[in-house]
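**Student:** Handing you a structure now.
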Amino acid sequence: MKRSLALISLCLLTGCSSNQSKEIDIDKTAETMISEYYNDEMIKANDDQIRSILMIDMAKNTCAVYVSSSNETNELAICKGEDEVLKKAFEERRDYNLTSAENYFPEEADKIKNSVIEKVGDAWVLITNDNSQDILEAIKASL
């Protein structure tokens with residue numbers, strides 16, 4: 001029920017359409033997904049932190065990035081801008097997190113292996129969560 005309400009709220013905030021080129025409000029979408037699907041404490045990264053996390057030029061890209069403040073590997077990033085740069089940055093972030101998890105938090109490695117990297121509407125998403133596919137579907141449903 002709570003997830004259904006979140007989808008309806010997100011749909012009302014961003015507009016509902018099957019048009020994959022529809023613009024995503026990255027901040028509102030990220031906030032809705034964080035409140036609905038992430039149980040641990042998540043921290044929203046500022047532009048300097050995003051630059052460090054994703055190694056991208058924030059003058060050319062706009063992002064909402066949330067990282068876990070605990071020993072879990074949950075992350076959510078929704079970014080618009082340079083398509084190829086963002087896709088590569090997300091793949092490199094996933095690979096970096098996987099290497100770190102295999103060394104320090106092996107129980108989290110499968111979650112990272114199942115991370116979702118996909119273009120949805122006009123934004124790229126990186127989703128690392130036990131429910132990555134559900135989150136992806138919720139974002140798609142908001143279009």
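Ordering of the structure tokens sets the chain letters (A, B, ...), residue numbers begin anew at 1 in every chain, and ligands are numbered from 1 in the order given.
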Name the residues in contact with segment 89-98 of chain A at a cut-off of 9 Å, using only C-alpha atoms, excluding same-chain residues fewer than 2 positions from it; report them as a list of chain:residue names.
**Tutor:**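 Near segment 89-98 of chain A, the qualifying residues are A:Ile53, A:Leu54, A:Met55, A:Ile56, A:Thr73, A:Ala77, A:Glu84, A:Val85, A:Leu86, A:Lys87, A:Ser100, A:Ala101, A:Glu102, A:Asn103, A:Pro106, A:Glu108, A:Ala109, A:Asp110, A:Lys111, A:Ile112, A:Lys113, A:Ser115, A:Ile117, A:Trp124, A:Val125, A:Leu126, A:Thr128.
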**Student:** Residues of segment 35-97 of chain A in helix (DSSP H, G or I) according to DSSP, as a list in words?
**Tutor:** Ser35, Glu36, Tyr37, Asp47, Asp48, Gln49, Ile50, Arg51, Ser52, Ile53, Leu54, Asp83, Glu84, Val85, Leu86, Lys87, Lys88, Ala89, Phe90, Glu91, Glu92, Arg93, Arg94, Asp95, Tyr96 and Asn97 of chain A
**Student:** One number please: atom CA of Tyr66 of chain A to atom CA of Ile43 of chain A, in Å, one decimal.
**Tutor:**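 So the two atoms, atom CA of Tyr66 of chain A and atom CA of Ile43 of chain A, lie 5.3 Å apart.
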**Student:** Skip Asn46 of chain A itself and residues of its chain fewer than 3 positions away, then list as a list in words all residues within 9 Å of it, counting only C-alpha atoms.
**Tutor:**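 The neighbour list is Gln49, Ile50, Arg51, Ala64 and Val65 of chain A.
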**Student:** To one decimal in Å, tell me the separation between atom CA of Cys63 of chain A and atom CA of Tyr104 of chain A.
**Tutor:** 27.6 Å
**Student:** Measuring atom to atom with only C-alpha atoms, identify which of A:Asp25, A:Ala141, A:Glu41, A:Ile135 is nearest to Ser68 of chain A.
**Tutor:**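 Smallest separation from Ser68 of chain A among the options: A:Glu41.
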